[in-house]
file work35.cif (mmCIF, C-alpha atoms)
data_target
loop_
_atom_site.group_PDB
_atom_site.id
_atom_site.type_symbol
_atom_site.label_atom_id
_atom_site.label_comp_id
_atom_site.auth_asym_id
_atom_site.auth_seq_id
_atom_site.Cartn_x
_atom_site.Cartn_y
_atom_site.Cartn_z
ATOM 1 C CA MET A 1 109.764 87.601 144.228
ATOM 2 C CA ASP A 2 111.456 89.277 147.205
ATOM 3 C CA PHE A 3 109.362 92.306 148.163
ATOM 4 C CA LYS A 4 110.055 94.156 151.453
ATOM 5 C CA PRO A 5 107.675 96.086 153.735
ATOM 6 C CA ILE A 6 107.579 99.808 152.940
ATOM 7 C CA LYS A 7 107.811 102.734 155.362
ATOM 8 C CA ASN A 8 107.679 105.986 153.449
ATOM 9 C CA ASN A 9 105.332 108.925 152.903
ATOM 10 C CA LYS A 10 105.417 108.535 149.107
ATOM 11 C CA VAL A 11 104.369 104.934 149.255
ATOM 12 C CA TYR A 12 103.493 104.378 145.597
ATOM 13 C CA GLU A 13 106.942 105.621 144.505
ATOM 14 C CA GLN A 14 108.565 103.042 146.775
ATOM 15 C CA VAL A 15 106.389 100.318 145.245
ATOM 16 C CA ILE A 16 107.658 101.400 141.818
ATOM 17 C CA GLU A 17 111.267 101.429 143.077
ATOM 18 C CA GLN A 18 110.998 97.837 144.316
ATOM 19 C CA ILE A 19 109.568 96.668 140.996
ATOM 20 C CA LYS A 20 112.406 98.489 139.184
ATOM 21 C CA ASP A 21 114.986 96.873 141.485
ATOM 22 C CA LEU A 22 113.604 93.412 140.748
ATOM 23 C CA ILE A 23 113.805 94.165 137.021
ATOM 24 C CA TYR A 24 117.448 95.261 137.404
ATOM 25 C CA GLN A 25 118.192 92.066 139.318
ATOM 26 C CA GLY A 26 116.641 89.975 136.551
ATOM 27 C CA LYS A 27 113.935 88.591 138.830
ATOM 28 C CA ILE A 28 111.186 90.177 136.723
ATOM 29 C CA LYS A 29 111.308 89.865 132.943
ATOM 30 C CA ARG A 30 109.161 90.802 129.963
ATOM 31 C CA GLY A 31 105.884 88.911 129.969
ATOM 32 C CA ASP A 32 106.071 88.032 133.686
ATOM 33 C CA LYS A 33 102.925 88.295 135.758
ATOM 34 C CA LEU A 34 103.183 90.507 138.822
ATOM 35 C CA PRO A 35 101.690 89.427 142.172
ATOM 36 C CA SER A 36 98.066 90.402 142.782
ATOM 37 C CA GLU A 37 97.135 93.602 144.618
ATOM 38 C CA ARG A 38 96.193 91.540 147.672
ATOM 39 C CA THR A 39 99.529 89.708 147.710
ATOM 40 C CA LEU A 40 101.524 92.918 147.272
ATOM 41 C CA LYS A 41 99.464 94.632 149.983
ATOM 42 C CA GLU A 42 100.478 91.895 152.434
ATOM 43 C CA GLN A 43 104.138 91.680 151.338
ATOM 44 C CA LEU A 44 104.728 95.416 151.233
ATOM 45 C CA ASN A 45 102.514 96.332 154.182
ATOM 46 C CA VAL A 46 100.798 99.130 152.247
ATOM 47 C CA SER A 47 97.247 99.944 151.177
ATOM 48 C CA ARG A 48 95.731 98.585 147.975
ATOM 49 C CA ALA A 49 95.230 102.219 146.927
ATOM 50 C CA SER A 50 99.024 102.676 146.914
ATOM 51 C CA ILE A 51 99.466 99.515 144.828
ATOM 52 C CA ARG A 52 96.876 100.757 142.345
ATOM 53 C CA GLU A 53 98.553 104.180 142.163
ATOM 54 C CA ALA A 54 101.911 102.541 141.410
ATOM 55 C CA PHE A 55 100.354 100.258 138.788
ATOM 56 C CA SER A 56 98.574 103.228 137.205
ATOM 57 C CA ALA A 57 101.858 105.144 136.902
ATOM 58 C CA LEU A 58 103.676 102.127 135.431
ATOM 59 C CA GLU A 59 100.844 101.490 132.973
ATOM 60 C CA MET A 60 100.883 105.155 131.916
ATOM 61 C CA ILE A 61 104.544 104.938 130.871
ATOM 62 C CA GLY A 62 103.928 101.661 129.080
ATOM 63 C CA LEU A 63 105.838 99.293 131.348
ATOM 64 C CA ILE A 64 102.958 97.090 132.485
ATOM 65 C CA ASP A 65 99.712 95.833 131.047
ATOM 66 C CA SER A 66 96.652 95.235 133.235
ATOM 67 C CA ARG A 67 94.322 92.580 131.838
ATOM 68 C CA PRO A 68 90.885 92.241 133.445
ATOM 69 C CA GLY A 69 90.399 88.769 134.838
ATOM 70 C CA GLU A 70 94.023 87.788 134.196
ATOM 71 C CA GLY A 71 96.230 90.111 136.223
ATOM 72 C CA THR A 72 99.049 92.587 135.681
ATOM 73 C CA PHE A 73 101.979 91.763 133.410
ATOM 74 C CA ILE A 74 105.278 93.325 132.381
ATOM 75 C CA LYS A 75 104.799 94.204 128.700
ATOM 76 C CA LYS A 76 106.371 91.802 126.231
ATOM 77 C CA LEU A 77 107.280 94.596 123.818
ATOM 78 C CA PRO A 78 108.585 98.092 124.596
ATOM 79 C CA ALA A 79 105.968 100.809 124.304
ATOM 80 C CA LYS A 80 106.358 103.966 122.246
ATOM 81 C CA ASN A 81 105.103 106.125 125.107
ATOM 82 C CA LEU A 82 108.112 105.220 127.284
ATOM 83 C CA LEU A 83 109.771 108.255 125.679
ATOM 84 C CA GLU A 84 106.686 110.467 125.766
ATOM 85 C CA PRO A 85 107.991 112.554 128.726
ATOM 86 C CA LEU A 86 111.030 113.443 126.577
ATOM 87 C CA SER A 87 108.798 114.506 123.703
ATOM 88 C CA LEU A 88 106.552 116.595 125.978
ATOM 89 C CA ASN A 89 109.515 118.317 127.618
ATOM 90 C CA LEU A 90 110.902 119.217 124.210
ATOM 91 C CA LEU A 91 107.528 120.702 123.238
ATOM 92 C CA LEU A 92 107.769 123.056 126.216
ATOM 93 C CA GLU A 93 111.240 124.288 125.258
ATOM 94 C CA GLU A 94 111.708 127.367 123.099
ATOM 95 C CA ASN A 95 114.041 127.855 120.118
ATOM 96 C CA VAL A 96 115.258 124.260 119.962
ATOM 97 C CA ALA A 97 114.506 123.528 116.302
ATOM 98 C CA GLU A 98 118.151 123.747 115.244
ATOM 99 C CA GLU A 99 119.230 121.662 118.239
ATOM 100 C CA LEU A 100 116.701 119.000 117.273
ATOM 101 C CA VAL A 101 118.179 118.888 113.763
ATOM 102 C CA GLU A 102 121.625 118.456 115.316
ATOM 103 C CA LEU A 103 120.313 115.563 117.404
ATOM 104 C CA ARG A 104 118.621 114.057 114.358
ATOM 105 C CA ARG A 105 121.970 114.145 112.575
ATOM 106 C CA VAL A 106 123.620 112.239 115.432
ATOM 107 C CA LEU A 107 120.821 109.661 115.555
ATOM 108 C CA GLU A 108 120.005 109.215 111.876
ATOM 109 C CA VAL A 109 123.526 108.994 110.510
ATOM 110 C CA ASP A 110 124.095 106.108 112.898
ATOM 111 C CA CYS A 111 120.644 104.669 112.135
ATOM 112 C CA VAL A 112 121.473 104.472 108.452
ATOM 113 C CA ARG A 113 124.875 102.926 109.232
ATOM 114 C CA LEU A 114 123.151 100.100 111.105
ATOM 115 C CA ALA A 115 120.301 99.802 108.603
ATOM 116 C CA VAL A 116 122.634 99.128 105.656
ATOM 117 C CA GLY A 117 123.605 95.762 107.097
ATOM 118 C CA ARG A 118 120.278 94.856 108.682
ATOM 119 C CA ILE A 119 117.518 96.046 106.366
ATOM 120 C CA THR A 120 115.134 93.480 104.887
ATOM 121 C CA GLU A 121 113.713 93.356 101.362
ATOM 122 C CA GLU A 122 110.310 94.229 102.798
ATOM 123 C CA GLU A 123 111.724 97.348 104.467
ATOM 124 C CA LEU A 124 113.466 98.361 101.244
ATOM 125 C CA ALA A 125 110.145 98.042 99.461
ATOM 126 C CA GLU A 126 108.521 100.206 102.140
ATOM 127 C CA MET A 127 111.158 102.885 101.653
ATOM 128 C CA GLY A 128 110.643 102.842 97.901
ATOM 129 C CA GLN A 129 106.903 103.321 98.350
ATOM 130 C CA HIS A 130 107.432 106.219 100.748
ATOM 131 C CA ILE A 131 109.598 107.964 98.131
ATOM 132 C CA ILE A 132 106.841 107.503 95.541
ATOM 133 C CA ASP A 133 104.305 108.931 98.017
ATOM 134 C CA LEU A 134 106.614 111.868 98.763
ATOM 135 C CA SER A 135 107.032 112.560 95.056
ATOM 136 C CA ASN A 136 103.263 112.500 94.500
ATOM 137 C CA SER A 137 102.447 114.713 97.488
ATOM 138 C CA SER A 138 104.115 117.969 96.433
ATOM 139 C CA GLY A 139 101.945 120.834 97.644
ATOM 140 C CA PHE A 140 99.984 118.643 100.065
ATOM 141 C CA GLU A 141 101.401 119.347 103.522
ATOM 142 C CA GLU A 142 99.986 116.427 105.519
ATOM 143 C CA LYS A 143 100.713 113.792 102.867
ATOM 144 C CA SER A 144 104.262 114.966 102.227
ATOM 145 C CA ILE A 145 105.062 115.144 105.934
ATOM 146 C CA ALA A 146 103.661 111.651 106.496
ATOM 147 C CA ALA A 147 105.679 110.193 103.598
ATOM 148 C CA ASP A 148 108.884 111.892 104.776
ATOM 149 C CA LYS A 149 108.401 110.679 108.362
ATOM 150 C CA LEU A 150 107.653 107.113 107.334
ATOM 151 C CA PHE A 151 110.773 107.002 105.152
ATOM 152 C CA HIS A 152 112.976 107.988 108.100
ATOM 153 C CA TYR A 153 111.057 105.765 110.542
ATOM 154 C CA THR A 154 111.624 102.794 108.229
ATOM 155 C CA ILE A 155 115.376 103.394 108.319
ATOM 156 C CA ALA A 156 115.243 103.590 112.117
ATOM 157 C CA LYS A 157 113.198 100.387 112.239
ATOM 158 C CA ALA A 158 115.648 98.702 109.869
ATOM 159 C CA SER A 159 118.496 99.531 112.272
ATOM 160 C CA LYS A 160 116.932 96.863 114.552
ATOM 161 C CA ASN A 161 117.723 99.129 117.499
ATOM 162 C CA LYS A 162 114.500 99.785 119.403
ATOM 163 C CA VAL A 163 116.000 102.569 121.532
ATOM 164 C CA LEU A 164 117.043 104.483 118.409
ATOM 165 C CA TYR A 165 113.644 103.855 116.813
ATOM 166 C CA PHE A 166 111.558 105.180 119.708
ATOM 167 C CA THR A 167 113.920 108.109 120.307
ATOM 168 C CA MET A 168 113.567 109.027 116.636
ATOM 169 C CA ILE A 169 109.788 109.117 116.979
ATOM 170 C CA ALA A 170 109.949 111.305 120.097
ATOM 171 C CA ILE A 171 112.376 113.728 118.430
ATOM 172 C CA SER A 172 110.346 113.823 115.224
ATOM 173 C CA GLU A 173 107.113 114.698 117.039
ATOM 174 C CA ALA A 174 108.823 117.521 118.927
ATOM 175 C CA MET A 175 110.440 118.808 115.758
ATOM 176 C CA ASP A 176 107.095 118.893 113.938
ATOM 177 C CA PHE A 177 105.776 121.197 116.639
ATOM 178 C CA HIS A 178 108.744 123.568 116.625
ATOM 179 C CA ILE A 179 109.003 123.990 112.846
ATOM 180 C CA LYS A 180 105.282 123.966 112.005
ATOM 181 C CA ASN A 181 105.266 127.336 110.210
ATOM 182 C CA THR A 182 108.619 126.701 108.542
ATOM 183 C CA ARG A 183 107.485 123.258 107.422
ATOM 184 C CA THR A 184 104.373 124.686 105.743
ATOM 185 C CA LYS A 185 106.547 127.039 103.683
ATOM 186 C CA LEU A 186 108.957 124.268 102.721
ATOM 187 C CA VAL A 187 106.376 121.770 101.471
ATOM 188 C CA SER A 188 104.626 124.460 99.417
ATOM 189 C CA ASN A 189 107.855 125.118 97.492
ATOM 190 C CA LYS A 190 108.064 122.736 94.504
ATOM 191 C CA ALA A 191 111.812 123.172 94.005
ATOM 192 C CA THR A 192 112.457 122.284 97.634
ATOM 193 C CA MET A 193 110.184 119.248 97.476
ATOM 194 C CA ASP A 194 111.850 118.046 94.277
ATOM 195 C CA GLU A 195 115.229 118.300 96.007
ATOM 196 C CA PHE A 196 113.870 116.376 99.001
ATOM 197 C CA VAL A 197 112.793 113.567 96.678
ATOM 198 C CA ARG A 198 116.215 113.449 95.014
ATOM 199 C CA GLN A 199 117.956 113.334 98.397
ATOM 200 C CA HIS A 200 115.717 110.539 99.639
ATOM 201 C CA CYS A 201 116.371 108.601 96.438
ATOM 202 C CA ARG A 202 120.121 108.913 96.971
ATOM 203 C CA ILE A 203 119.821 107.666 100.556
ATOM 204 C CA PHE A 204 117.635 104.778 99.386
ATOM 205 C CA ASN A 205 120.028 103.763 96.602
ATOM 206 C CA ALA A 206 123.031 103.832 98.942
ATOM 207 C CA ILE A 207 121.225 101.542 101.406
ATOM 208 C CA LYS A 208 120.121 99.258 98.577
ATOM 209 C CA GLU A 209 123.739 99.043 97.379
ATOM 210 C CA HIS A 210 124.829 98.237 100.967
ATOM 211 C CA SER A 211 127.277 101.141 100.875
ATOM 212 C CA VAL A 212 127.727 102.246 104.483
ATOM 213 C CA GLU A 213 129.931 105.293 103.803
ATOM 214 C CA LYS A 214 127.739 106.541 100.955
ATOM 215 C CA ALA A 215 124.513 106.066 102.947
ATOM 216 C CA MET A 216 125.934 107.929 105.940
ATOM 217 C CA SER A 217 127.225 110.725 103.702
ATOM 218 C CA GLU A 218 123.884 111.090 101.880
ATOM 219 C CA MET A 219 121.965 111.183 105.168
ATOM 220 C CA LYS A 220 124.318 113.822 106.580
ATOM 221 C CA ASP A 221 123.990 115.922 103.413
ATOM 222 C CA HIS A 222 120.192 115.667 103.608
ATOM 223 C CA LEU A 223 120.067 116.796 107.244
ATOM 224 C CA ASP A 224 122.558 119.584 106.539
ATOM 225 C CA TYR A 225 120.181 120.765 103.822
ATOM 226 C CA VAL A 226 117.191 120.621 106.204
ATOM 227 C CA GLU A 227 119.126 122.595 108.807
ATOM 228 C CA LYS A 228 120.083 125.236 106.231
ATOM 229 C CA LEU A 229 116.440 125.652 105.193
ATOM 230 C CA ILE A 230 115.238 125.966 108.776
ATOM 231 C CA LYS A 231 117.862 128.611 109.532
ATOM 232 C CA ARG A 232 116.976 130.521 106.378
ATOM 233 C CA GLU A 233 113.248 130.519 107.116
ATOM 234 C CA SER A 234 113.818 131.413 110.783
ATOM 235 C CA ALA A 235 116.011 134.357 109.793
ATOM 236 C CA GLY A 236 113.434 135.527 107.257
#

call {"tool": "encode", "arguments": {"input": "work35.cif", "output": "structure tokens"}}
result
Amino acid sequence: MDFKPIKNNKVYEQVIEQIKDLIYQGKIKRGDKLPSERTLKEQLNVSRASIREAFSALEMIGLIDSRPGEGTFIKKLPAKNLLEPLSLNLLLEENVAEELVELRRVLEVDCVRLAVGRITEEELAEMGQHIIDLSNSSGFEEKSIAADKLFHYTIAKASKNKVLYFTMIAISEAMDFHIKNTRTKLVSNKATMDEFVRQHCRIFNAIKEHSVEKAMSEMKDHLDYVEKLIKRESAG
């Protein structure tokens, strides 16, 4: 691995930049073991404290995995917390609930388009169970929210697009925060929950029938309905 001596006040950031450059160049891949702290200290001409600071930052965002007695490795699988800064930034924003629904529409309509052709029988079974759980959880906020989330997460997972999947999770967590009071009102309304179940069933059936246009249309209709409810509750 071709590391170069560093001369910069923010030393640990430069260590991170060199690791990123080597990833871009294809010289470091998933599962690869990084050089030891001692080796990097000599190659980069920096302190071991700077190496540790860089490793700590990379581990925090889920890029590397430090294993005692073995060394430091690039993670084999992408970590959910790679998108955590996005989620946290969205939590700090005000009045973005409707914008989050708009983004969900962009993401989820495409998720369902991909899922129709890629979903497995096991994932279909998961979706069916989540609908049953949603139907049985009317009036129970935590259970109904969990069932609804898992239904949508399963579609994102079935898209076989990891970027979409992790972005969906980040957006969902932020949305939960911004519509907490609205959400409580919605899940306590039986008519609304019954309609949610019907909409999820229609999405599920369209995916099961491998109908791309129908699945996309049903997902769009569902998110339009969610947006309408959020606007109504916000106005009230």

call {"tool": "closest_residue", "arguments": {"input": "work35.cif", "among": "A:Ser66, A:Thr39, A:Ser188, A:Thr167", "to": "Glu108 in chain A", "atoms": "all atoms listed in the file"}}
result
A:Thr167

call {"tool": "resolve_selection", "arguments": {"input": "work35.cif", "expression": "the PyMOL selection byres ((chain A and resi 204) around 8)", "output": "count of residues only"}}
result
12

call {"tool": "atom_distance", "arguments": {"input": "work35.cif", "atom1": "CA of Pro35 in chain A", "atom2": "CA of Ala57 in chain A"}}
result
16.6 Å

call {"tool": "resolve_selection", "arguments": {"input": "work35.cif", "expression": "the PyMOL selection byres ((chain A and resi 217-232) around 7)", "output": "number ranges by chain"}}
result
A: 98, 101, 105, 109, 182, 199, 202-203, 213-216, 233-236

call {"tool": "residues_around", "arguments": {"input": "work35.cif", "residues": "Leu58 in chain A", "least_positions_apart": "2", "cutoff": "12 Å", "atoms": "all atoms listed in the file", "output": "PyMOL selection string"}}
result
chain A and resi 12-13+15-17+19-20+51-56+60-66+72-75+79+81-82

call {"tool": "axis_aligned_box", "arguments": {"input": "work35.cif", "around": "range 140-151 of chain A", "padding_each_side": "5 Å", "output": "AutoDock Vina command-line options"}}
result
--center_x 105.4 --center_y 113.2 --center_z 104.2 --size_x 20.8 --size_y 22.3 --size_z 18.3

call {"tool": "atom_distance", "arguments": {"input": "work35.cif", "atom1": "CA of Leu34 in chain A", "atom2": "CA of Ser50 in chain A"}}
result
15.2 Å

call {"tool": "atom_distance", "arguments": {"input": "work35.cif", "atom1": "CA of Ala115 in chain A", "atom2": "CA of His130 in chain A"}}
result
16.4 Å

call {"tool": "build_atoms", "arguments": {"input": "work35.cif", "residues": "range 168-200 of chain A", "atoms": "N, CA and C atoms", "output": "JSON list (two decimals), in the coordinates of the input"}}
result
[["chain", "number", "residue", "atom", "x", "y", "z"],
["A", 168, "MET", "N", 113.84, 108.34, 117.90],
["A", 168, "MET", "CA", 113.57, 109.03, 116.64],
["A", 168, "MET", "C", 112.13, 109.54, 116.59],
["A", 169, "ILE", "N", 111.20, 108.72, 117.01],
["A", 169, "ILE", "CA", 109.79, 109.12, 116.98],
["A", 169, "ILE", "C", 109.55, 110.30, 117.92],
["A", 170, "ALA", "N", 110.12, 110.22, 119.13],
["A", 170, "ALA", "CA", 109.95, 111.30, 120.10],
["A", 170, "ALA", "C", 110.53, 112.61, 119.56],
["A", 171, "ILE", "N", 111.72, 112.53, 118.97],
["A", 171, "ILE", "CA", 112.38, 113.73, 118.43],
["A", 171, "ILE", "C", 111.58, 114.29, 117.25],
["A", 172, "SER", "N", 111.09, 113.40, 116.40],
["A", 172, "SER", "CA", 110.35, 113.82, 115.22],
["A", 172, "SER", "C", 109.07, 114.57, 115.60],
["A", 173, "GLU", "N", 108.36, 114.05, 116.62],
["A", 173, "GLU", "CA", 107.11, 114.70, 117.04],
["A", 173, "GLU", "C", 107.38, 116.09, 117.60],
["A", 174, "ALA", "N", 108.47, 116.21, 118.37],
["A", 174, "ALA", "CA", 108.82, 117.52, 118.93],
["A", 174, "ALA", "C", 109.23, 118.49, 117.82],
["A", 175, "MET", "N", 109.97, 117.96, 116.85],
["A", 175, "MET", "CA", 110.44, 118.81, 115.76],
["A", 175, "MET", "C", 109.27, 119.32, 114.92],
["A", 176, "ASP", "N", 108.28, 118.47, 114.69],
["A", 176, "ASP", "CA", 107.10, 118.89, 113.94],
["A", 176, "ASP", "C", 106.45, 120.12, 114.58],
["A", 177, "PHE", "N", 106.39, 120.10, 115.90],
["A", 177, "PHE", "CA", 105.78, 121.20, 116.64],
["A", 177, "PHE", "C", 106.58, 122.48, 116.48],
["A", 178, "HIS", "N", 107.90, 122.38, 116.60],
["A", 178, "HIS", "CA", 108.74, 123.57, 116.62],
["A", 178, "HIS", "C", 108.96, 124.19, 115.25],
["A", 179, "ILE", "N", 108.78, 123.41, 114.19],
["A", 179, "ILE", "CA", 109.00, 123.99, 112.85],
["A", 179, "ILE", "C", 107.72, 124.00, 112.03],
["A", 180, "LYS", "N", 106.57, 124.06, 112.71],
["A", 180, "LYS", "CA", 105.28, 123.97, 112.00],
["A", 180, "LYS", "C", 105.16, 125.01, 110.90],
["A", 181, "ASN", "N", 105.41, 126.27, 111.23],
["A", 181, "ASN", "CA", 105.27, 127.34, 110.21],
["A", 181, "ASN", "C", 106.31, 127.21, 109.11],
["A", 182, "THR", "N", 107.54, 126.89, 109.52],
["A", 182, "THR", "CA", 108.62, 126.70, 108.54],
["A", 182, "THR", "C", 108.30, 125.55, 107.61],
["A", 183, "ARG", "N", 107.81, 124.46, 108.19],
["A", 183, "ARG", "CA", 107.48, 123.26, 107.42],
["A", 183, "ARG", "C", 106.43, 123.55, 106.35],
["A", 184, "THR", "N", 105.43, 124.34, 106.71],
["A", 184, "THR", "CA", 104.37, 124.69, 105.74],
["A", 184, "THR", "C", 104.96, 125.40, 104.53],
["A", 185, "LYS", "N", 105.90, 126.32, 104.78],
["A", 185, "LYS", "CA", 106.55, 127.04, 103.68],
["A", 185, "LYS", "C", 107.38, 126.10, 102.81],
["A", 186, "LEU", "N", 108.06, 125.16, 103.46],
["A", 186, "LEU", "CA", 108.96, 124.27, 102.72],
["A", 186, "LEU", "C", 108.18, 123.34, 101.79],
["A", 187, "VAL", "N", 107.10, 122.74, 102.30],
["A", 187, "VAL", "CA", 106.38, 121.77, 101.47],
["A", 187, "VAL", "C", 105.57, 122.45, 100.36],
["A", 188, "SER", "N", 105.36, 123.75, 100.47],
["A", 188, "SER", "CA", 104.63, 124.46, 99.42],
["A", 188, "SER", "C", 105.55, 124.92, 98.29],
["A", 189, "ASN", "N", 106.87, 124.72, 98.50],
["A", 189, "ASN", "CA", 107.86, 125.12, 97.49],
["A", 189, "ASN", "C", 108.23, 123.90, 96.64],
["A", 190, "LYS", "N", 107.84, 123.90, 95.37],
["A", 190, "LYS", "CA", 108.06, 122.74, 94.50],
["A", 190, "LYS", "C", 109.55, 122.40, 94.34],
["A", 191, "ALA", "N", 110.38, 123.42, 94.19],
["A", 191, "ALA", "CA", 111.81, 123.17, 94.00],
["A", 191, "ALA", "C", 112.40, 122.47, 95.22],
["A", 192, "THR", "N", 111.98, 122.91, 96.40],
["A", 192, "THR", "CA", 112.46, 122.28, 97.63],
["A", 192, "THR", "C", 112.00, 120.84, 97.73],
["A", 193, "MET", "N", 110.73, 120.61, 97.41],
["A", 193, "MET", "CA", 110.18, 119.25, 97.48],
["A", 193, "MET", "C", 110.86, 118.33, 96.47],
["A", 194, "ASP", "N", 111.14, 118.85, 95.29],
["A", 194, "ASP", "CA", 111.85, 118.05, 94.28],
["A", 194, "ASP", "C", 113.25, 117.65, 94.78],
["A", 195, "GLU", "N", 113.90, 118.59, 95.46],
["A", 195, "GLU", "CA", 115.23, 118.30, 96.01],
["A", 195, "GLU", "C", 115.13, 117.28, 97.13],
["A", 196, "PHE", "N", 114.09, 117.37, 97.94],
["A", 196, "PHE", "CA", 113.87, 116.38, 99.00],
["A", 196, "PHE", "C", 113.75, 114.98, 98.40],
["A", 197, "VAL", "N", 112.98, 114.87, 97.33],
["A", 197, "VAL", "CA", 112.79, 113.57, 96.68],
["A", 197, "VAL", "C", 114.12, 113.03, 96.17],
["A", 198, "ARG", "N", 114.91, 113.89, 95.53],
["A", 198, "ARG", "CA", 116.22, 113.45, 95.01],
["A", 198, "ARG", "C", 117.12, 112.98, 96.16],
["A", 199, "GLN", "N", 117.11, 113.71, 97.26],
["A", 199, "GLN", "CA", 117.96, 113.33, 98.40],
["A", 199, "GLN", "C", 117.51, 111.99, 98.99],
["A", 200, "HIS", "N", 116.21, 111.80, 99.10],
["A", 200, "HIS", "CA", 115.72, 110.54, 99.64],
["A", 200, "HIS", "C", 116.06, 109.37, 98.70]]
